[in-house]
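**Q** Enclosed is the structure file work_16.cif (mmCIF, C-alpha atoms).
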```cif
data_final
#
loop_
_atom_site.label_atom_id
_atom_site.label_comp_id
_atom_site.auth_asym_id
_atom_site.auth_seq_id
_atom_site.Cartn_x
_atom_site.Cartn_y
_atom_site.Cartn_z
CA MET A 1038 -24.75 45.51 96.54
CA ALA A 1039 -25.48 47.66 93.49
CA LEU A 1040 -23.21 50.59 92.72
CA GLU A 1041 -24.57 54.10 92.80
CA LYS A 1042 -24.45 55.99 89.54
CA GLU A 1043 -24.41 59.76 89.67
CA MET A 1044 -27.02 61.22 87.37
CA GLN A 1045 -28.14 64.66 86.34
CA LYS A 1046 -31.77 65.48 85.68
CA PHE A 1047 -31.63 67.57 82.53
CA VAL A 1048 -34.62 69.79 81.74
CA MET A 1049 -34.84 71.73 78.48
CA LYS A 1050 -37.84 74.03 78.10
CA ASN A 1051 -39.47 75.61 75.04
CA VAL A 1052 -38.26 73.04 72.54
CA SER A 1053 -39.92 73.72 69.18
CA PRO A 1054 -41.89 70.82 67.66
CA ASP A 1055 -39.63 70.63 64.59
CA LYS A 1056 -36.54 70.17 66.79
CA LEU A 1057 -38.08 67.84 69.37
CA GLN A 1058 -36.80 64.63 67.81
CA LYS A 1059 -33.35 66.13 67.12
CA VAL A 1060 -32.97 67.19 70.76
CA LYS A 1061 -34.12 63.78 71.99
CA ARG A 1062 -31.78 62.02 69.55
CA SER A 1063 -28.91 64.17 70.73
CA LEU A 1064 -29.57 63.28 74.37
CA LYS A 1065 -29.92 59.60 73.54
CA ASP A 1066 -26.78 59.41 71.40
CA ASN A 1067 -24.80 61.14 74.11
CA GLY A 1068 -25.81 58.57 76.72
CA CYS A 1069 -28.84 60.04 78.48
CA ILE A 1070 -31.74 57.76 79.46
CA ASP A 1071 -35.40 58.02 80.42
CA ILE A 1072 -35.90 60.76 77.84
CA GLU A 1073 -39.41 62.14 77.99
CA ASP A 1074 -41.24 65.12 76.56
CA GLU A 1075 -44.28 67.07 77.64
CA ARG A 1076 -46.16 69.58 75.55
CA GLU A 1077 -46.70 73.01 77.10
CA ASP A 1078 -48.26 75.91 75.19
CA GLY A 1079 -47.19 74.80 71.72
CA ALA A 1080 -43.65 73.87 72.75
CA TYR A 1081 -42.14 70.93 74.59
CA THR A 1082 -40.26 70.41 77.77
CA VAL A 1083 -37.76 67.59 77.39
CA THR A 1084 -36.41 65.80 80.45
CA ALA A 1085 -33.72 63.16 80.69
CA LEU A 1086 -31.43 61.46 83.14
CA CYS A 1087 -27.82 61.91 82.12
CA PRO A 1088 -24.75 60.15 83.54
CA LYS A 1089 -21.38 61.80 83.99
CA ASN A 1090 -19.65 62.50 80.70
CA ASP A 1091 -16.91 59.89 80.26
CA GLU A 1092 -14.44 62.48 79.04
CA ALA A 1093 -15.16 64.81 81.95
CA MET A 1094 -14.42 62.14 84.56
CA MET B 440 -53.91 6.96 130.34
CA TYR B 441 -50.34 6.01 129.49
CA MET B 442 -51.53 4.21 126.37
CA ASN B 443 -53.55 7.26 125.38
CA ARG B 444 -50.35 9.31 125.43
CA ILE B 445 -48.62 6.76 123.22
CA ASN B 446 -51.55 6.83 120.83
CA LEU B 447 -51.36 10.60 120.73
CA ALA B 448 -47.68 10.34 119.81
CA LEU B 449 -48.59 8.03 116.96
CA VAL B 450 -51.69 9.86 115.75
CA LEU B 451 -50.21 13.36 115.71
CA PRO B 452 -47.63 12.70 112.97
CA LEU B 453 -50.28 10.86 110.93
CA PHE B 454 -52.48 13.95 111.15
CA PHE B 455 -49.66 16.02 109.74
CA ILE B 456 -49.09 13.42 107.03
CA LEU B 457 -52.68 13.88 105.88
CA ILE B 458 -52.31 17.67 105.92
CA GLY B 459 -49.04 17.36 104.03
CA CYS B 460 -50.59 15.09 101.43
CA SER B 461 -53.51 17.43 100.86
CA THR B 462 -51.35 20.52 100.41
CA ILE B 463 -48.73 18.98 98.12
CA SER B 464 -50.68 17.29 95.40
CA GLY B 465 -48.04 17.25 92.66
CA THR B 466 -49.18 18.32 89.22
CA PRO B 467 -52.53 18.06 87.41
CA LYS B 468 -53.01 15.00 85.27
CA SER B 469 -51.25 15.60 82.00
CA PRO B 470 -53.36 15.50 78.85
CA LEU B 471 -50.64 13.32 77.37
CA GLU B 472 -49.53 10.50 79.63
CA PHE B 473 -46.05 10.21 78.25
CA SER B 474 -44.76 7.83 80.89
CA ASP B 475 -47.73 5.47 80.45
CA THR B 476 -47.53 5.70 76.70
CA ARG B 477 -43.87 4.89 76.67
CA THR B 478 -44.35 2.06 79.10
CA ASN B 479 -47.39 0.54 77.46
CA SER B 480 -46.91 1.34 73.81
CA TYR B 481 -43.89 -0.03 72.07
CA ASP B 482 -44.81 2.03 69.01
CA SER B 483 -44.36 5.34 70.85
CA GLU B 484 -41.16 4.14 72.42
CA ASP B 485 -39.93 3.04 69.02
CA ILE B 486 -40.70 6.43 67.46
CA ILE B 487 -38.86 8.28 70.20
CA ASN B 488 -35.91 5.94 69.90
CA LYS B 489 -35.97 6.22 66.11
CA TYR B 490 -35.97 10.04 66.20
CA SER B 491 -33.30 10.04 68.89
CA LYS B 492 -31.04 7.72 66.91
CA GLU B 493 -31.63 9.71 63.74
CA PHE B 494 -30.73 12.99 65.46
CA ALA B 495 -27.54 11.48 66.89
CA GLU B 496 -26.53 10.20 63.45
CA ARG B 497 -27.39 13.34 61.49
CA ALA B 498 -26.10 15.89 64.01
CA THR B 499 -22.59 15.85 62.58
CA GLN B 500 -23.57 15.40 58.95
CA ASP B 501 -24.32 18.04 56.32
CA VAL B 502 -27.91 18.81 55.39
CA ALA B 503 -28.26 20.49 52.02
CA ASP B 504 -31.94 21.44 51.81
CA LYS B 505 -34.44 23.34 53.91
CA ASN B 506 -37.14 20.63 54.05
CA THR B 507 -34.80 17.95 55.39
CA ARG B 508 -33.38 20.41 57.92
CA ASN B 509 -36.85 21.37 59.13
CA THR B 510 -37.98 17.73 59.37
CA LEU B 511 -34.93 16.88 61.47
CA ILE B 512 -35.50 19.92 63.67
CA SER B 513 -39.18 19.03 64.19
CA ARG B 514 -38.29 15.47 65.18
CA ALA B 515 -35.56 16.62 67.55
CA LEU B 516 -38.03 19.04 69.14
CA THR B 517 -40.53 16.18 69.54
CA ILE B 518 -37.99 14.06 71.44
CA MET B 519 -37.03 16.93 73.70
CA ASP B 520 -40.62 17.97 74.38
CA VAL B 521 -41.70 14.44 75.28
CA ARG B 522 -38.76 13.92 77.57
CA TYR B 523 -39.18 17.34 79.14
CA ALA B 524 -42.88 16.66 79.84
CA GLU B 525 -41.96 13.33 81.45
CA PHE B 526 -39.36 15.04 83.57
CA VAL B 527 -41.58 17.88 84.77
CA ASN B 528 -44.85 15.97 85.18
CA GLY B 529 -43.44 12.93 86.80
CA THR B 530 -40.40 11.97 88.64
CA GLU B 531 -39.20 14.89 90.72
CA THR B 532 -42.46 15.85 92.42
CA ASP B 533 -43.40 12.27 93.17
CA ARG B 534 -39.97 11.48 94.52
CA LYS B 535 -40.02 14.37 96.95
CA ASN B 536 -43.55 13.54 98.14
CA LYS B 537 -42.40 9.99 98.82
CA GLU B 538 -39.38 11.28 100.72
CA MET B 539 -41.62 13.50 102.81
CA PHE B 540 -43.88 10.56 103.64
CA THR B 541 -40.85 8.49 104.60
CA ASP B 542 -39.64 11.25 106.89
CA PHE B 543 -42.98 11.26 108.69
CA VAL B 544 -43.01 7.50 109.11
CA GLU B 545 -39.49 7.52 110.53
CA LEU B 546 -40.40 10.30 112.91
CA SER B 547 -43.51 8.45 114.06
CA MET B 548 -41.51 5.29 114.73
CA ASN B 549 -38.85 7.16 116.65
CA LEU B 550 -41.46 9.03 118.61
CA ALA B 551 -43.37 5.91 119.50
CA GLY B 552 -40.17 4.13 120.48
CA THR B 553 -39.13 6.93 122.77
CA ALA B 554 -42.58 7.12 124.36
CA VAL B 555 -42.86 3.39 124.94
CA GLY B 556 -39.38 3.12 126.36
CA ALA B 557 -39.89 5.91 128.83
CA ALA B 558 -41.69 5.85 132.12
CA GLY B 559 -42.86 9.39 132.83
CA THR B 560 -44.84 12.24 131.36
CA LYS B 561 -41.72 14.38 131.05
CA THR B 562 -40.15 11.95 128.61
CA ILE B 563 -43.32 11.74 126.52
CA LEU B 564 -43.56 15.51 126.31
CA ALA B 565 -39.92 15.76 125.35
CA ALA B 566 -40.47 13.15 122.66
CA LEU B 567 -43.54 14.96 121.38
CA SER B 568 -41.62 18.20 121.27
CA ALA B 569 -38.78 16.59 119.35
CA GLY B 570 -41.34 15.06 117.00
CA VAL B 571 -43.05 18.35 116.32
CA ASN B 572 -39.74 20.06 115.66
CA GLY B 573 -38.74 17.20 113.44
CA ILE B 574 -42.02 17.32 111.59
CA ASN B 575 -41.66 21.05 111.06
CA GLY B 576 -38.19 20.46 109.72
CA SER B 577 -39.51 17.87 107.33
CA ILE B 578 -42.31 20.12 106.11
CA ASP B 579 -39.95 23.03 105.58
CA LYS B 580 -37.33 21.03 103.72
CA ASN B 581 -39.80 19.55 101.28
CA TYR B 582 -42.04 22.60 101.07
CA PHE B 583 -39.12 24.78 100.07
CA TYR B 584 -37.89 22.15 97.65
CA GLU B 585 -41.29 22.14 95.98
CA LYS B 586 -41.37 25.93 95.82
CA THR B 587 -37.88 26.01 94.37
CA PHE B 588 -38.69 23.27 91.90
CA HIS B 589 -41.74 25.11 90.61
CA SER B 590 -39.70 28.31 90.21
CA LEU B 591 -37.10 26.36 88.30
CA VAL B 592 -39.78 24.82 86.07
CA ALA B 593 -41.11 28.34 85.36
CA GLN B 594 -37.58 29.42 84.43
CA MET B 595 -37.07 26.34 82.26
CA ASN B 596 -40.38 27.00 80.47
CA ALA B 597 -39.42 30.62 79.83
CA ASP B 598 -35.94 29.72 78.56
CA ARG B 599 -37.32 26.94 76.35
CA LYS B 600 -39.90 29.30 74.89
CA ASP B 601 -37.19 31.85 74.04
CA MET B 602 -35.12 29.18 72.31
CA LEU B 603 -38.17 27.77 70.50
CA VAL B 604 -39.01 31.20 69.08
CA TYR B 605 -35.41 31.47 67.87
CA ILE B 606 -35.43 28.00 66.30
CA THR B 607 -38.88 28.48 64.72
CA LYS B 608 -37.68 31.72 63.16
CA GLY B 609 -34.62 29.88 61.84
CA MET B 610 -36.86 27.27 60.21
CA THR B 611 -38.39 29.96 57.99
CA LEU B 612 -34.94 30.88 56.64
CA THR B 613 -33.09 29.31 53.73
CA ILE B 614 -30.56 26.56 54.35
CA GLU B 615 -27.78 29.06 53.63
CA ASP B 616 -29.06 31.53 56.23
CA TYR B 617 -29.83 28.90 58.88
CA GLN B 618 -27.50 25.99 58.41
CA TRP B 619 -28.04 22.57 59.97
CA SER B 620 -24.93 22.94 62.15
CA GLN B 621 -26.41 26.12 63.61
CA ALA B 622 -29.73 24.35 64.13
CA VAL B 623 -28.01 21.51 66.01
CA HIS B 624 -26.29 24.07 68.21
CA ASP B 625 -29.64 25.74 68.92
CA LEU B 626 -31.34 22.40 69.61
CA VAL B 627 -28.68 21.57 72.18
CA ASP B 628 -29.34 24.96 73.78
CA TYR B 629 -33.06 24.12 73.73
CA TYR B 630 -32.32 20.89 75.58
CA ILE B 631 -30.12 22.68 78.13
CA ALA B 632 -32.86 25.24 78.69
CA GLY B 633 -35.03 22.36 79.91
CA THR B 634 -32.61 21.19 82.58
CA LEU B 635 -32.43 22.24 86.22
CA LEU B 636 -28.80 23.27 85.78
CA GLY B 637 -29.77 25.43 82.81
CA ALA B 638 -32.52 27.10 84.85
CA ILE B 639 -30.20 27.74 87.80
CA SER B 640 -27.59 29.17 85.45
CA SER B 641 -30.21 31.42 83.88
CA ILE B 642 -31.41 32.66 87.27
CA GLN B 643 -27.82 33.30 88.35
CA LYS B 644 -27.15 35.29 85.19
CA GLU B 645 -30.26 37.39 85.76
CA ALA B 646 -29.32 37.95 89.41
CA GLY B 647 -25.79 38.93 88.37
CA LYS B 648 -27.15 41.32 85.79
CA LYS B 649 -29.37 42.99 88.37
CA GLU B 650 -26.46 43.13 90.80
CA GLY B 651 -24.36 44.91 88.19
CA GLU B 652 -26.98 47.49 87.43
CA ALA B 653 -26.14 50.71 89.17
CA GLU B 654 -28.68 52.51 91.27
CA GLU B 655 -29.27 55.95 89.88
CA LYS B 656 -28.78 58.87 92.21
CA ILE B 657 -29.68 62.30 90.93
CA MET B 658 -26.89 64.68 91.91
CA GLU B 659 -28.19 67.83 90.24
CA ILE B 660 -31.05 69.25 88.21
CA ARG B 661 -30.06 71.42 85.27
CA ASN B 662 -32.69 73.69 83.71
CA VAL B 663 -31.96 75.24 80.31
CA ASP B 664 -33.98 77.03 77.62
CA PHE B 665 -34.03 75.82 74.06
CA LYS B 666 -33.09 78.16 71.22
CA SER B 667 -32.96 77.27 67.58
CA SER B 668 -30.07 78.80 65.62
CA ASP B 669 -28.22 78.50 62.32
CA SER B 670 -24.97 77.63 64.08
CA GLY B 671 -26.81 74.94 66.04
CA ASP B 672 -28.26 73.50 62.82
CA TRP B 673 -24.82 73.53 61.23
CA LEU B 674 -23.24 71.70 64.19
CA GLU B 675 -26.13 69.26 64.25
CA ASN B 676 -25.45 68.32 60.61
CA TYR B 677 -21.72 68.19 61.37
CA ILE B 678 -22.11 65.68 64.22
CA TRP B 679 -25.00 63.72 62.63
CA PRO B 680 -24.19 63.71 58.89
CA GLY B 681 -27.11 62.05 57.11
CA GLY B 682 -28.83 61.63 60.47
CA VAL B 683 -26.25 59.19 61.82
CA LEU B 684 -23.96 60.01 64.72
CA ASP B 685 -20.30 60.49 63.82
CA VAL B 686 -18.50 59.74 67.07
CA ASN B 687 -15.23 61.29 65.93
CA LYS B 688 -16.88 64.55 64.93
CA ARG B 689 -18.70 64.75 68.24
CA LYS B 690 -15.39 64.22 69.99
CA HIS B 691 -13.86 66.90 67.80
CA VAL B 692 -16.58 69.40 68.82
CA ILE B 693 -16.03 68.60 72.49
CA GLU B 694 -12.25 69.04 72.20
CA LYS B 695 -12.17 72.11 69.97
CA CYS B 696 -15.32 73.97 71.01
CA ILE B 697 -16.72 72.90 74.38
CA LYS B 698 -13.58 72.32 76.45
CA PRO B 699 -12.37 75.95 76.04
CA THR B 700 -15.75 77.28 77.27
CA ALA B 701 -17.30 77.57 80.74
CA LEU B 702 -19.76 74.84 79.76
CA TRP B 703 -17.01 72.27 80.26
CA LYS B 704 -16.92 73.15 83.97
CA GLU B 705 -20.62 73.84 84.37
CA ASN B 706 -22.05 70.69 82.88
CA GLN B 707 -19.95 67.57 83.15
CA TYR B 708 -22.81 65.25 82.27
CA ALA B 709 -23.86 63.58 79.01
CA SER B 710 -26.27 66.46 78.25
CA MET B 711 -23.28 68.73 77.58
CA VAL B 712 -23.29 68.48 73.78
CA THR B 713 -27.08 68.89 73.59
CA GLU B 714 -26.91 71.98 75.75
CA PHE B 715 -24.15 73.43 73.58
CA LEU B 716 -26.12 72.88 70.38
CA TYR B 717 -29.60 73.90 71.43
CA THR B 718 -29.56 76.65 74.09
CA ALA B 719 -29.41 80.45 73.90
CA LYS B 720 -26.65 80.67 76.50
CA TRP B 721 -23.90 79.33 74.21
CA GLU B 722 -24.87 81.09 70.98
CA SER B 723 -21.65 83.10 70.61
CA GLN B 724 -19.52 80.03 71.42
CA ARG B 725 -21.45 78.03 68.82
CA ILE B 726 -20.77 80.64 66.15
CA ASP B 727 -17.07 80.59 67.05
CA CYS B 728 -17.13 76.83 66.89
CA LYS B 729 -18.79 76.80 63.46
CA ASN B 730 -16.21 79.27 62.13
CA LYS B 731 -13.34 77.27 63.61
CA LEU B 732 -14.55 73.99 62.15
CA THR B 733 -15.40 75.57 58.77
CA GLU B 734 -11.84 76.85 58.49
CA THR B 735 -10.35 73.44 59.18
CA GLN B 736 -12.66 71.59 56.78
#
```
Could you show the structure in this file as structure tokens?

**A**
Amino acid sequence: MALEKEMQKFVMKNVSPDKLQKVKRSLKDNGCIDIEDEREDGAYTVTALCPKNDEAM
Amino acid sequence: MYMNRINLALVLPLFFILIGCSTISGTPKSPLEFSDTRTNSYDSEDIINKYSKEFAERATQDVADKNTRNTLISRALTIMDVRYAEFVNGTETDRKNKEMFTDFVELSMNLAGTAVGAAGTKTILAALSAGVNGINGSIDKNYFYEKTFHSLVAQMNADRKDMLVYITKGMTLTIEDYQWSQAVHDLVDYYIAGTLLGAISSIQKEAGKKEGEAEEKIMEIRNVDFKSSDSGDWLENYIWPGGVLDVNKRKHVIEKCIKPTALWKENQYASMVTEFLYTAKWESQRIDCKNKLTETQ
């Protein structure tokens, strides 16, 4: 049976276009997955699934 | 009347034999009849044997140039492809069909024997029932074998294709970058990929991998607002100097700047650093962090 992994759905609104890739890179490099972005009124909403921080556990 | 019942006992299994034969037809006729060719043509057999012997002799020797290496690889692939085609197109499917037929014949004989040796209807019915159950058992055993075999062939084909792509890519490289010893190793892997044991192993690995994958359960949803800032830009360049993550510097930021703040308690997930760098809520803490790290630099 597969283990359950606790995840957080992280939603960051109003991300400026020039920082979109930096924010996504930051989430990715810190271990988040399924990182997606959606444009809304000239800015982006970035969503990601993030596991527990190893150091916080 | 009694003879009619015996005939029924004999005819019924034969009916199922015909159904069985029509549903399990083996494989389509191969465009290359390897078995026939090898049986009828000594030339083909000789070539296969020649390549096989050559591969065995050269496998442990050095090969100094790309052309010779690629020729040897091509010949080894030819041997393996011919033998794989023989294996898949021929023996296994035929063997199991023959076994299934034999099972039916044995059942028919047993059934007839029981029916003839008995005196009453009850015995004939019992024999028929046993025969039907037996026939079902025979169908299931072979049917599932066939299904399994085809799945294994699909796995073998997929694994062989993966290895072939790898080997073909290696053949484009120089002899220094793809040495003959490495090619031999890959060719052996290519052979193993075309075996039932290799396919089972591959399926087990895939199943194990899926078993190990954790199911994701969302425990919380965290909504934050982005805010660009000078301190955020500074920390961004600190953690990703030249655009590449510096793990130690990220750890340093977590230890020196995030742990003393409320963020450490509020967000214990992997989004913590991103939130610290890019949201309005932690602006004053970011400035403190920048000052602290600037002083220590």

**Q** At a cut-off of 12 Å, which residues of chain B touch chain A? Count all atoms listed in the file and give the answer as a PyMOL selection string.

**A** chain B and resi 646-668+671-672+674-676+678-679+682-686+689-690+693-694+697-698+702-719

**Q** For atom CA of B:Tyr617 and atom CA of B:Ala597, determine how far apart the two atoms are, in Å to one decimal place.

**A** 23.1 Å

**Q** Please evaluate the PyMOL selection byres ((chain B and resi 594-596) around 8) against the structure above and give the resulting residues as number ranges by chain.

**A** B: 590-593, 597-600, 632-635, 637-638, 641-642

**Q** Just the selected residues (C-alpha atoms), exported as a CSV table (one decimal), keeping the file's coordinate frame, please.

**A**
```csv
chain,number,residue,atom,x,y,z
B,590,SER,CA,-39.7,28.3,90.2
B,591,LEU,CA,-37.1,26.4,88.3
B,592,VAL,CA,-39.8,24.8,86.1
B,593,ALA,CA,-41.1,28.3,85.4
B,597,ALA,CA,-39.4,30.6,79.8
B,598,ASP,CA,-35.9,29.7,78.6
B,599,ARG,CA,-37.3,26.9,76.4
B,600,LYS,CA,-39.9,29.3,74.9
B,632,ALA,CA,-32.9,25.2,78.7
B,633,GLY,CA,-35.0,22.4,79.9
B,634,THR,CA,-32.6,21.2,82.6
B,635,LEU,CA,-32.4,22.2,86.2
B,637,GLY,CA,-29.8,25.4,82.8
B,638,ALA,CA,-32.5,27.1,84.8
B,641,SER,CA,-30.2,31.4,83.9
B,642,ILE,CA,-31.4,32.7,87.3
```

**Q** Between atom CA of B:Leu732 and atom CA of B:Thr700, what is the distance in Å, rounded to a tenth?

**A**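 Separation between atom CA of B:Leu732 and atom CA of B:Thr700: 15.5 Å.
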
**Q** So, with only C-alpha atoms as the atoms that count, which of B:Tyr490, B:Tyr605, B:Trp619, B:Tyr523 lies closest to B:Ala503?

**A**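 Looking only at the distances to B:Ala503, the closest residue turns out to be B:Trp619.
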
**Q** Excluding stretch 514-522 of chain B and residues on its chain fewer than 2 positions from it, collect all residues at most 8 Å away from it, counting all atoms listed in the file, and give them as a PyMOL selection string.

**A** chain B and resi 473+487+490-491+494+510-512+524-526+626+630

**Q** Axis-aligned box over every listed atom of stretch 1063-1075 of chain A, padded by 5 Å per side: centre and edges in Å to one decimal, as lines of an AutoDock Vina configuration file?

**A**
```
center_x = -34.5
center_y = 62.4
center_z = 75.6
size_x = 29.5
size_y = 19.3
size_z = 19.7
```
